[in-house]
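Please read the structure below before turning to the comments.
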Amino acid sequence: MRASYYLLHTHEYWDDPLFADKCRQLAAYGHEVGLHLNALTGWFAHARDDVGAIVAAALERLRHAGVEVVGTSAHGDRVCYEQGFANDWIWREMRGDDPAARETGRTAEGVRVDDPAWQLTYPADHRLVRDDGAACPLWSESMARHGLAYDAYHVPHEHYWSDSGGGWTRTGDPQQADLGRGRHQVLIHPHWWRGAPRTIFALSTARAGSTWLAQFVNTATNAEGVHEWTLNHRRDGDAMVADKRTHDDFRTLEEQPAVAAALIRQMAAWRTTLPGDRVEANVYLEPFLDTLHAELPEATLVHLHRDGRDVVRSILNRGWYEVPDDRRHRTVPVPHWHGLSQFERACWYHRFTQERLLAATDRRLSFERMVADRVYLEATLAEFGLVTHPLLAERVFDERVNANRREPLPPYAEWPESFRRTFESICGGVQVTLGYDNEFDLPPAASPATTSSAAAGATVFTLDPAAMPAATTHVVATPDPGGLTLATAEAGRANAHAMLTPGKWDKVTRRQGIACTGDRYFAGRARLEAAPGVAARLFALFFDAAARQVDRRHVATLRDGTVSFTFRPTPEASHLALAAHLGDQSPERRLRLTALTLDAVPTSPAYGRLPVAEVARKR
């Protein structure tokens with residue numbers, strides 16, 4: 001069925017970066033694209049004083065998108081009833097001999113109704129007057145001058161139907177009428193008639209294409225696509241606000257499942273307020289599958305998977321498990337976890353996550369096919385009830401997102417045989433289940449019963465409020481006997497920060513800094529007092545022997561309560577410093593740091609030894 005879509009130039013979608021592509025997609029489907037006119041409303045809002053300029057700018061936006069526009073329809077804006085006008089009162093061709101007799105008593109949508117609340121009264125002097133005294137003469141614009149052939153409300157018809165307000169209350173229901181006789185004009189707002197919203201979770205390991213999938217869905221389908229939204233938003237009054245928790249201390253969510261459960265419940269309750277289909281790609285929800293299923297039993301869970309050899313390589317190149325007590329990433333509940341090397345942990349993470357998702361889902365989506373075969377991807381999304389728009393899909397399908405910036409670990413073919421065999425002994429079984437091949441024919445590895453705990457370290461830094469404040473930039477640091485209160489000096493300073501150790505953000509000497517050695521990593525613990533939602537970012541700043549900054553890393557988010565963190569120093573660094581970054585938040589968002597310690601923990605040489613070292617020697 002061919003329809004005419006009149007696009008409203010005062011709606012938020014008008015500024016959508018994909019607006020032009022979406023206009024072309026409507027035209028490619030065979031629909032007409034027209035202008036939903038709100039020019040007089042814009043004039044009352046002081047958008048422009050020239051009504052004709054408002055019309056011209058809106059038409060240029062549509063025509064620049066590459067679509068032919070010859071029709072318009074007036075928008076029945078709320079302001080129309082507040083100020084008493086219809087947006088089509090600008091067209092000279094529509095005036096007629098007695099506009100007062102014709103226009104008085106009709107609605108801003110162009111039909112006559114019995115309810116006085118919706119009836120307009122035409123101004124006797126043929127003009128509208130704004131709050132600043134400016135006047136706009138009616139019927140002053142020519143449709144022909146703007147390249148328009150018709151106004152929809154003036155197209156001849158015997159019957160008119162409108163769902164304005166979300167139902168057929170004003171005109172009756174056309175579905176109960178005989179549409180086979182006479183000319184019928186039906187005004188439909190498609191968003192009123194969407195079916196029950198679908199909720200789909202694409203669950204995966206990290207580095208399996210979740211970011212790409214969320215972007216594709218959001219750009220090219222009828223659904224909203226979001227990435228790692230759940231667990232990273234919390235309820236604040238009637239809104240859900242960003243509060244990223246999975247980036248720097250995922251271990252806390254593992255150790256406090258009640259916190260994760262509360263965040264999932266908040267998401268589920270908020271989801272009921274959203275009208276459309278929603279797809280969330282998330283690599284962090286696997287540990288909380290029971291809660292997710294309990295809170296959203298109607299949701300569809302999809303298993304997004306990728307070849308484990310590429311997953312293991314990619315996460316290790318991202319620095320996963322670079323320290324034995326890694327608080328940033330998933331801890332796999334196998335009894336020998338603390339005795340595993342970095343490489344073995346990555347393999348077990350892949351195996352355990354895939355086994356859990358295989359048991360919890362009955363639908364799969366292959367990363368390799370998804371990014372190479374658009375037909376496969378669109379067919380799979382269609383099975384979930386999602387429609388893919390071809391022109392929009394062409395725009396985004398070949399984009400590569402979230403690629404690793406460094407890749408010290410080489411591809412699987414260059415791994416030493418000992419590492420290839422280790423990978424297959426751990427992951428070989430799940431690889432076969434997911435349709436990937438194995439190089440060797442090895443029995444699956446069992447979980448050894450032995451365990452060992454992380455080594456203890458020496459404390460190298462303890463916060464001393466009496467020694468504060470250190471150097472600050474746009475931050476007020478107020479020490480007291482029990483802590484240090486931090487707040488921005490003024491809002492809007494994106495670089496507002498306070499050094500917690502001696503030196504400046506971009507220059508710290510070896511004498512001022514904390515020494516780095518290759519055989520140690522750092523484990524820290526902070527305790528804070530802050531209102532909900534108030535947070536700062538703790539940075540480790542790395543410097544070489546000449547006091548030049550060689551790297552900086554966000555190692556923790558400082559929020560109310562106790563925060564633990566771990567990190568490994570940059571290889572080029574001889575020493576480091578710590579800084580709290582408050583960003584551009586308002587001065588009243590204070591936080592009080594009551595404790596901060598940093599330990600240097602020994603690491604066995606075998607733990608961090610990756611195949612890249614052996615490959616380098618062979619070369």
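Each chain in the structure tokens gets a letter, A, B, ..., in the order shown, and its residues are numbered from 1; ligands are numbered from 1 in order too.
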
Within 6 Å of range 178-192 of chain A, counting only C-alpha atoms, which residues show up once you throw out same-chain ones fewer than 6 positions away? Write them as a PyMOL selection string, please. chain A and resi 157-163+166

8 Å contact set for range 56-66 of chain A, only C-alpha atoms, chain neighbours under 6 positions out, as a list in words: His9, Phe19, Ala20, Asp21, Cys23, Arg24, Leu35 and His146 of chain A

For the selection just defined, write its residues with C-alpha atoms to a file, as a short mmCIF file (atom, residue, chain, number, x, y, z; two decimals), in the first residue's frame.
data_model
loop_
_atom_site.label_atom_id
_atom_site.label_comp_id
_atom_site.auth_asym_id
_atom_site.auth_seq_id
_atom_site.Cartn_x
_atom_site.Cartn_y
_atom_site.Cartn_z
CA HIS A 9 10.06 20.07 10.65
CA PHE A 19 17.33 11.96 8.38
CA ALA A 20 18.26 12.19 4.68
CA ASP A 21 18.80 8.42 4.40
CA CYS A 23 13.69 10.10 3.65
CA ARG A 24 15.26 8.30 0.71
CA LEU A 35 6.04 18.45 4.52
CA HIS A 146 7.56 27.01 -3.04
#

Excluding Ala346 in chain A and residues on its chain fewer than 4 positions from it, collect all residues at most 10 Å away from it, counting only C-alpha atoms, and give them as number ranges by chain. A: 308, 311-316, 320-321, 330, 332, 340-342, 350-351, 423

Could you please take those selected residues and save N, CA, C and O atoms as a short mmCIF file (atom, residue, chain, number, x, y, z; two decimals), in the first residue's frame?
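Okay, again_35.cif is ready:
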data_model
loop_
_atom_site.label_atom_id
_atom_site.label_comp_id
_atom_site.auth_asym_id
_atom_site.auth_seq_id
_atom_site.Cartn_x
_atom_site.Cartn_y
_atom_site.Cartn_z
N GLY A 308 36.55 -18.76 19.28
CA GLY A 308 37.26 -18.52 20.52
C GLY A 308 38.70 -18.11 20.33
O GLY A 308 39.27 -17.38 21.17
N VAL A 311 38.49 -14.46 19.99
CA VAL A 311 38.07 -13.83 21.24
C VAL A 311 39.25 -13.76 22.21
O VAL A 311 39.54 -12.71 22.78
N VAL A 312 39.94 -14.90 22.40
CA VAL A 312 41.05 -14.94 23.34
C VAL A 312 42.14 -13.95 22.92
O VAL A 312 42.67 -13.19 23.73
N ARG A 313 42.47 -13.96 21.65
CA ARG A 313 43.49 -13.03 21.17
C ARG A 313 43.08 -11.58 21.41
O ARG A 313 43.87 -10.76 21.88
N SER A 314 41.83 -11.26 21.11
CA SER A 314 41.38 -9.88 21.19
C SER A 314 41.33 -9.39 22.64
O SER A 314 41.75 -8.27 22.93
N ILE A 315 40.84 -10.21 23.57
CA ILE A 315 40.74 -9.72 24.95
C ILE A 315 42.13 -9.60 25.58
O ILE A 315 42.38 -8.70 26.39
N LEU A 316 43.05 -10.48 25.21
CA LEU A 316 44.40 -10.34 25.74
C LEU A 316 45.09 -9.10 25.17
O LEU A 316 45.86 -8.42 25.86
N TRP A 320 43.16 -7.85 29.20
CA TRP A 320 42.43 -8.64 30.17
C TRP A 320 43.40 -9.51 30.99
O TRP A 320 44.37 -10.05 30.45
N TYR A 321 43.12 -9.61 32.27
CA TYR A 321 43.88 -10.47 33.19
C TYR A 321 45.37 -10.16 33.18
O TYR A 321 46.19 -11.04 33.41
N ARG A 330 35.68 -10.40 34.24
CA ARG A 330 34.95 -11.55 34.77
C ARG A 330 35.88 -12.54 35.47
O ARG A 330 36.91 -12.93 34.94
N VAL A 332 36.02 -16.29 36.55
CA VAL A 332 35.32 -17.53 36.23
C VAL A 332 35.34 -18.44 37.47
O VAL A 332 36.41 -18.70 38.03
N LEU A 340 45.90 -20.01 37.64
CA LEU A 340 46.01 -19.98 36.18
C LEU A 340 46.87 -18.82 35.70
O LEU A 340 46.95 -17.77 36.34
N SER A 341 47.46 -19.01 34.53
CA SER A 341 48.19 -17.92 33.89
C SER A 341 47.20 -16.99 33.19
O SER A 341 46.01 -17.29 33.08
N GLN A 342 47.70 -15.85 32.71
CA GLN A 342 46.85 -14.91 31.99
C GLN A 342 46.21 -15.57 30.78
O GLN A 342 45.01 -15.41 30.54
N HIS A 350 36.37 -17.74 28.00
CA HIS A 350 35.63 -18.02 26.77
C HIS A 350 34.80 -19.29 26.92
O HIS A 350 33.60 -19.30 26.62
N ARG A 351 35.41 -20.36 27.40
CA ARG A 351 34.68 -21.63 27.52
C ARG A 351 33.50 -21.51 28.47
O ARG A 351 32.37 -21.90 28.12
N PHE A 423 44.85 -23.93 24.36
CA PHE A 423 43.55 -23.38 23.97
C PHE A 423 42.58 -24.50 23.63
O PHE A 423 41.43 -24.52 24.10
#

May I have all residues of range 223-355 of chain A that DSSP, computed from the backbone, assigns to helix (DSSP H, G or I), given as a PyMOL selection string? chain A and resi 250-255+257-271+286-295+308-317+337-339+342-355

Using only C-alpha atoms, which residue out of A:Thr331, A:Thr353, A:Gln215, A:Thr472 lies closest to Glu255 in chain A? A:Thr331

Identify, on the basis of only C-alpha atoms, every residue whose closest approach to Thr570 in chain A does not exceed 10 Å; exclude the query and any residue fewer than 4 positions from it along the same chain; express the result as number ranges by chain. A: 516-518, 541-544, 550-553, 574-576

I want to know what sits within 12 Å of range 386-397 of chain A, based on only C-alpha atoms, with residues of the same chain fewer than 6 positions away left out; could you give that as an NGL selection string? :A and (17-29 or 195 or 197-200 or 212-225 or 276-279 or 370-380)

Applying 10 Å and only C-alpha atoms, which residues near Leu148 in chain A remain after dropping the ones on its own chain fewer than 4 positions away? List them as a VMD selection string. chain A and resid 34 to 35 59 69 to 72 142 to 144

Could you jot down the CA of Ala258 in chain A to CA of Thr291 in chain A separation for me, Å, one decimal place?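 A separation of 9.8 Å between them.
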
Quick one, how far is CA of Glu280 in chain A from CA of Phe201 in chain A? 4.9 Å

In Å, with one decimal, what is the gap from CA of Arg48 in chain A to CA of His126 in chain A?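 According to the coordinates, CA of Arg48 in chain A and CA of His126 in chain A are separated by 20.0 Å.
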